[in-house]
>>> print(open('model14.pdb').read())   # PDB, C-alpha atoms
ATOM      1  CA  MET R 218      -2.572 215.030 138.369
ATOM      2  CA  ALA R 219      -4.717 211.918 137.924
ATOM      3  CA  GLY R 220      -5.691 209.753 140.897
ATOM      4  CA  TYR R 221      -4.817 206.585 139.002
ATOM      5  CA  ARG R 222      -2.378 205.270 136.395
ATOM      6  CA  LYS R 223      -3.599 205.361 132.806
ATOM      7  CA  LEU R 224      -1.373 202.461 131.712
ATOM      8  CA  GLY R 225      -1.218 203.797 128.144
ATOM      9  CA  ARG R 226      -4.752 202.659 127.352
ATOM     10  CA  GLU R 227      -8.226 204.048 126.773
ATOM     11  CA  SER R 228     -10.591 203.834 129.722
ATOM     12  CA  ALA R 229     -12.562 200.793 128.472
ATOM     13  CA  GLN R 230      -9.377 198.849 127.741
ATOM     14  CA  ARG R 231      -7.876 199.857 131.080
ATOM     15  CA  LYS R 232     -10.965 198.725 133.013
ATOM     16  CA  ALA R 233     -11.026 195.414 131.128
ATOM     17  CA  LEU R 234      -7.313 194.854 131.819
ATOM     18  CA  ILE R 235      -7.729 195.532 135.541
ATOM     19  CA  ARG R 236     -10.848 193.346 135.774
ATOM     20  CA  ALA R 237      -9.078 190.479 134.001
ATOM     21  CA  GLN R 238      -6.017 190.693 136.218
ATOM     22  CA  VAL R 239      -8.058 190.941 139.437
ATOM     23  CA  THR R 240     -10.080 187.899 138.349
ATOM     24  CA  SER R 241      -6.881 185.990 137.610
ATOM     25  CA  LEU R 242      -5.367 187.010 140.956
ATOM     26  CA  ILE R 243      -8.411 185.832 142.941
ATOM     27  CA  TYR R 244      -8.654 182.579 140.951
ATOM     28  CA  ASN R 245      -4.940 181.628 140.896
ATOM     29  CA  GLY R 246      -3.577 183.374 143.990
ATOM     30  CA  LYS R 247      -0.755 185.137 142.124
ATOM     31  CA  ILE R 248       0.004 186.767 138.778
ATOM     32  CA  ILE R 249       3.087 188.103 136.998
ATOM     33  CA  THR R 250       2.690 191.593 135.536
ATOM     34  CA  THR R 251       4.379 194.985 135.348
ATOM     35  CA  GLU R 252       4.852 197.109 138.440
ATOM     36  CA  ALA R 253       2.459 199.885 137.355
ATOM     37  CA  ARG R 254      -0.327 197.390 136.547
ATOM     38  CA  ALA R 255       0.253 195.528 139.799
ATOM     39  CA  LYS R 256      -0.178 198.691 141.845
ATOM     40  CA  GLU R 257      -3.528 199.410 140.139
ATOM     41  CA  VAL R 258      -4.740 195.808 140.414
ATOM     42  CA  ARG R 259      -3.752 195.752 144.085
ATOM     43  CA  LYS R 260      -6.160 198.616 144.890
ATOM     44  CA  VAL R 261      -9.151 196.821 143.401
ATOM     45  CA  ALA R 262      -8.236 193.379 144.785
ATOM     46  CA  GLU R 263      -7.725 194.668 148.333
ATOM     47  CA  HIS R 264     -11.100 196.417 148.182
ATOM     48  CA  LEU R 265     -12.843 193.170 147.162
ATOM     49  CA  ILE R 266     -11.100 191.156 149.870
ATOM     50  CA  ALA R 267     -11.983 193.776 152.478
ATOM     51  CA  LEU R 268     -15.641 193.513 151.401
ATOM     52  CA  ALA R 269     -15.493 189.718 151.726
ATOM     53  CA  VAL R 270     -13.874 189.886 155.181
ATOM     54  CA  LYS R 271     -16.484 192.347 156.394
ATOM     55  CA  GLU R 272     -19.469 190.286 155.160
ATOM     56  CA  LYS R 273     -18.143 186.704 155.521
ATOM     57  CA  ASP R 274     -20.473 185.680 158.384
ATOM     58  CA  ASN R 275     -23.463 187.740 157.292
ATOM     59  CA  PHE R 276     -25.837 184.974 156.165
ATOM     60  CA  GLU R 277     -28.507 182.697 157.560
ATOM     61  CA  GLU R 278     -28.989 178.987 156.966
ATOM     62  CA  VAL R 279     -32.424 178.067 155.679
ATOM     63  CA  THR R 280     -33.894 174.598 155.204
ATOM     64  CA  VAL R 281     -35.805 174.215 151.935
ATOM     65  CA  GLN R 282     -37.662 171.411 150.197
ATOM     66  CA  ALA R 283     -36.073 170.432 146.870
ATOM     67  CA  LYS R 284     -37.256 168.041 144.168
ATOM     68  CA  VAL R 285     -34.421 165.734 143.118
ATOM     69  CA  PRO R 286     -34.664 163.046 140.417
ATOM     70  CA  LYS R 287     -34.556 159.469 141.684
ATOM     71  CA  LYS R 288     -31.510 157.498 140.543
ATOM     72  CA  ASP R 289     -30.888 153.781 140.160
ATOM     73  CA  ALA R 290     -27.778 151.804 141.157
ATOM     74  CA  GLU R 291     -25.872 152.966 138.046
ATOM     75  CA  GLY R 292     -26.623 156.628 138.730
ATOM     76  CA  LYS R 293     -29.138 157.005 135.898
ATOM     77  CA  ARG R 294     -32.504 158.684 136.358
ATOM     78  CA  VAL R 295     -35.462 156.409 137.085
ATOM     79  CA  LYS R 296     -38.265 156.842 134.543
ATOM     80  CA  GLU R 297     -41.811 155.513 134.463
ATOM     81  CA  VAL R 298     -44.383 155.434 131.677
ATOM     82  CA  VAL R 299     -47.365 157.744 132.231
ATOM     83  CA  ASP R 300     -49.950 158.127 129.440
ATOM     84  CA  GLY R 301     -47.521 156.663 126.919
ATOM     85  CA  LYS R 302     -44.670 159.046 127.806
ATOM     86  CA  LYS R 303     -41.496 158.397 129.776
ATOM     87  CA  VAL R 304     -41.466 160.698 132.812
ATOM     88  CA  THR R 305     -38.659 161.128 135.344
ATOM     89  CA  GLN R 306     -39.589 160.304 138.933
ATOM     90  CA  TYR R 307     -38.729 162.875 141.581
ATOM     91  CA  GLU R 308     -38.360 162.710 145.329
ATOM     92  CA  THR R 309     -38.502 165.570 147.821
ATOM     93  CA  VAL R 310     -35.498 166.147 150.077
ATOM     94  CA  GLU R 311     -34.609 168.803 152.611
ATOM     95  CA  LYS R 312     -31.534 170.895 151.867
ATOM     96  CA  LYS R 313     -29.778 173.530 153.935
ATOM     97  CA  ILE R 314     -28.768 176.585 151.949
ATOM     98  CA  LYS R 315     -26.985 179.792 152.875
ATOM     99  CA  LYS R 316     -29.202 182.806 152.315
ATOM    100  CA  ASP R 317     -27.327 186.097 152.045
ATOM    101  CA  LEU R 318     -28.530 188.964 154.197
ATOM    102  CA  PRO R 319     -29.028 192.251 152.295
ATOM    103  CA  SER R 320     -25.579 193.736 152.990
ATOM    104  CA  ARG R 321     -23.790 190.517 151.935
ATOM    105  CA  LEU R 322     -25.914 190.320 148.794
ATOM    106  CA  HIS R 323     -24.907 193.886 147.968
ATOM    107  CA  ALA R 324     -21.244 193.013 148.536
ATOM    108  CA  ARG R 325     -21.617 189.954 146.258
ATOM    109  CA  ARG R 326     -23.063 192.126 143.494
ATOM    110  CA  GLN R 327     -20.289 194.701 143.929
ATOM    111  CA  MET R 328     -17.798 191.849 143.434
ATOM    112  CA  LEU R 329     -19.627 190.609 140.348
ATOM    113  CA  LYS R 330     -19.322 194.110 138.834
ATOM    114  CA  VAL R 331     -15.540 193.700 138.871
ATOM    115  CA  LEU R 332     -14.899 189.962 138.458
ATOM    116  CA  TYR R 333     -15.284 188.091 135.181
ATOM    117  CA  SER R 334     -16.821 184.604 135.195
ATOM    118  CA  VAL R 335     -14.284 181.771 135.160
ATOM    119  CA  LYS R 336     -14.857 178.398 133.531
ATOM    120  CA  GLU R 337     -12.744 175.479 134.654
ATOM    121  CA  VAL R 338     -12.163 172.728 132.093
ATOM    122  CA  PRO R 339     -10.809 169.381 133.333
ATOM    123  CA  GLN R 340      -7.643 168.090 131.617
ATOM    124  CA  LYS R 341      -9.322 164.938 130.256
ATOM    125  CA  ALA R 342     -12.141 166.835 128.531
ATOM    126  CA  ALA R 343     -10.098 169.713 127.126
ATOM    127  CA  GLY R 344     -11.910 171.319 124.206
ATOM    128  CA  ARG R 345     -15.318 169.886 125.121
ATOM    129  CA  LYS R 346     -18.250 171.540 126.814
ATOM    130  CA  ARG R 347     -18.910 168.505 128.951
ATOM    131  CA  ASN R 348     -17.801 168.635 132.598
ATOM    132  CA  THR R 349     -16.857 172.319 132.455
ATOM    133  CA  LYS R 350     -17.567 174.129 135.716
ATOM    134  CA  THR R 351     -18.308 177.787 136.222
ATOM    135  CA  ILE R 352     -16.392 178.960 139.285
ATOM    136  CA  ASP R 353     -18.280 181.241 141.671
ATOM    137  CA  LEU R 354     -15.515 183.709 142.571
ATOM    138  CA  PRO R 355     -17.555 185.750 145.087
ATOM    139  CA  ASN R 356     -18.277 182.490 146.907
ATOM    140  CA  LYS R 357     -14.546 181.674 146.837
ATOM    141  CA  LEU R 358     -13.842 185.100 148.326
ATOM    142  CA  PHE R 359     -16.382 184.567 151.118
ATOM    143  CA  THR R 360     -15.550 180.933 151.973
ATOM    144  CA  GLU R 361     -11.814 180.483 151.266
ATOM    145  CA  ILE R 362     -10.076 183.856 151.190
ATOM    146  CA  ALA R 363     -11.977 185.910 153.803
ATOM    147  CA  PRO R 364     -11.472 183.452 156.722
ATOM    148  CA  LYS R 365      -7.686 183.571 156.132
ATOM    149  CA  TYR R 366      -7.668 187.363 156.470
ATOM    150  CA  ALA R 367     -10.323 187.772 159.194
ATOM    151  CA  ASP R 368      -7.825 189.008 161.807
ATOM    152  CA  ARG R 369      -5.871 191.202 159.368
ATOM    153  CA  ASN R 370      -6.523 194.911 158.747
ATOM    154  CA  GLY R 371      -5.577 195.415 155.108
ATOM    155  CA  GLY R 372      -2.375 194.392 153.369
ATOM    156  CA  TYR R 373      -3.843 191.296 151.746
ATOM    157  CA  THR R 374      -1.498 191.347 148.738
ATOM    158  CA  ARG R 375       2.273 191.435 148.271
ATOM    159  CA  ILE R 376       4.356 192.752 145.368
ATOM    160  CA  ILE R 377       7.728 191.064 144.767
ATOM    161  CA  LYS R 378      10.022 192.510 142.093
ATOM    162  CA  ILE R 379      11.429 189.972 139.631
ATOM    163  CA  GLY R 380      13.513 192.241 137.394
ATOM    164  CA  PRO R 381      13.278 194.001 134.047
ATOM    165  CA  ARG R 382      11.384 192.358 131.209
ATOM    166  CA  LYS R 383      13.534 191.320 128.248
ATOM    167  CA  GLY R 384      11.637 193.139 125.472
ATOM    168  CA  ASP R 385      11.065 196.634 126.856
ATOM    169  CA  ALA R 386      12.868 196.599 130.227
ATOM    170  CA  ALA R 387       9.623 197.235 132.146
ATOM    171  CA  MET R 388       9.949 196.139 135.782
ATOM    172  CA  GLU R 389       8.147 192.805 136.211
ATOM    173  CA  VAL R 390       6.657 191.810 139.545
ATOM    174  CA  VAL R 391       4.753 188.968 141.145
ATOM    175  CA  LEU R 392       1.495 190.107 142.712
ATOM    176  CA  GLU R 393       0.254 187.489 145.172
ATOM    177  CA  LEU R 394      -2.153 187.045 148.022
ATOM    178  CA  VAL R 395      -0.295 187.038 151.356
TER     179      VAL R 395
END
>>> encode(input="model14.pdb", output="structure tokens")
Amino acid sequence: MAGYRKLGRESAQRKALIRAQVTSLIYNGKIITTEARAKEVRKVAEHLIALAVKEKDNFEEVTVQAKVPKKDAEGKRVKEVVDGKKVTQYETVEKKIKKDLPSRLHARRQMLKVLYSVKEVPQKAAGRKRNTKTIDLPNKLFTEIAPKYADRNGGYTRIIKIGPRKGDAAMEVVLELV
């Protein structure tokens, strides 16, 4: 007997399906799928959330010097002419960044093995590359999701049955973060 559901797919397709649904669950907070898929996705999602909860405070804040382009009143970069070329002027500022400790970095990379990258496109610029943002899902797990579940030992997701699907009568469920 297998230790997992095969979901009627080859292994590569099955892994891709689970990765896509876990990514969607973390990004949106809930998904609608079949009961068998939900039970498989739940295993992977709970593992990722448990990793995030365990490593959420495992970082140090470091102050670094960063070169940032100077901007004028309109928000455009300030340029000066040097040797006949226009060159952007930069200023040095101090920034505080979070530096992952080794175990948190390992957890982040374990998450990136499972999660796909998500690009968010604003409604106004639909269909254009401009203003698209790449969402850092491991960062979302560490900063938004893990603090909610810090005092909870497992059971981060909930499966609610909706009813049979119209086409093939497969039981549909809502898989959501508690």
>>> closest_residue(input="model14.pdb", among="R:Lys330, R:Arg321, R:His264, R:Lys313", to="Tyr373 of chain R", atoms="only C-alpha atoms")
R:His264
>>> closest_residue(input="model14.pdb", among="R:Val295, R:Met328, R:Ala269, R:Ala237", to="Leu358 of chain R", atoms="only C-alpha atoms")
R:Ala269
>>> residues_around(input="model14.pdb", residues="Val310 of chain R", least_positions_apart="2", cutoff="12 Å", atoms="only C-alpha atoms", output="MDAnalysis selection string")
chainID R and resid 280:287 307:308 312:313
>>> write_last_selection(input="model14.pdb", atoms="C-alpha atoms", output="short mmCIF file (atom, residue, chain, number, x, y, z; two decimals), in the frame of the given file")
data_model
loop_
_atom_site.label_atom_id
_atom_site.label_comp_id
_atom_site.auth_asym_id
_atom_site.auth_seq_id
_atom_site.Cartn_x
_atom_site.Cartn_y
_atom_site.Cartn_z
CA THR R 280 -33.89 174.60 155.20
CA VAL R 281 -35.80 174.22 151.94
CA GLN R 282 -37.66 171.41 150.20
CA ALA R 283 -36.07 170.43 146.87
CA LYS R 284 -37.26 168.04 144.17
CA VAL R 285 -34.42 165.73 143.12
CA PRO R 286 -34.66 163.05 140.42
CA LYS R 287 -34.56 159.47 141.68
CA TYR R 307 -38.73 162.88 141.58
CA GLU R 308 -38.36 162.71 145.33
CA LYS R 312 -31.53 170.90 151.87
CA LYS R 313 -29.78 173.53 153.94
#
>>> resolve_selection(input="model14.pdb", expression="the PyMOL selection byres ((chain R and resi 323-325) around 10)", output="PyMOL selection string")
chain R and resi 265+268-269+271-273+317-322+326-330+354-356+358-359
>>> residues_near_point(input="model14.pdb", point="(-5.4, 184.2, 142.8)", cutoff="12 Å", atoms="all atoms listed in the file", output="PyMOL selection string")
chain R and resi 237-249+258-259+262+266+332+335+354+357-358+361-362+373-375+391-395
>>> atom_distance(input="model14.pdb", atom1="atom CA of Asn348 of chain R", atom2="atom CA of Lys336 of chain R")
10.2 Å
>>> atom_distance(input="model14.pdb", atom1="atom CA of Ile235 of chain R", atom2="atom CA of Gly220 of chain R")
15.3 Å
>>> atom_distance(input="model14.pdb", atom1="atom CA of Asp353 of chain R", atom2="atom CA of Val279 of chain R")
20.2 Å
>>> closest_residue(input="model14.pdb", among="R:Val331, R:Ala290, R:Val270, R:Ala233", to="Lys365 of chain R", atoms="all atoms listed in the file")
R:Val270
>>> closest_residue(input="model14.pdb", among="R:Asp289, R:Glu389, R:Glu252, R:Glu257", to="Arg231 of chain R", atoms="only C-alpha atoms")
R:Glu257
>>> closest_residue(input="model14.pdb", among="R:Val338, R:Lys383, R:Asn370, R:Ile314", to="Glu277 of chain R", atoms="only C-alpha atoms")
R:Ile314
>>> closest_residue(input="model14.pdb", among="R:Lys260, R:Arg236, R:Lys346, R:Arg254", to="Met388 of chain R", atoms="all atoms listed in the file")
R:Arg254
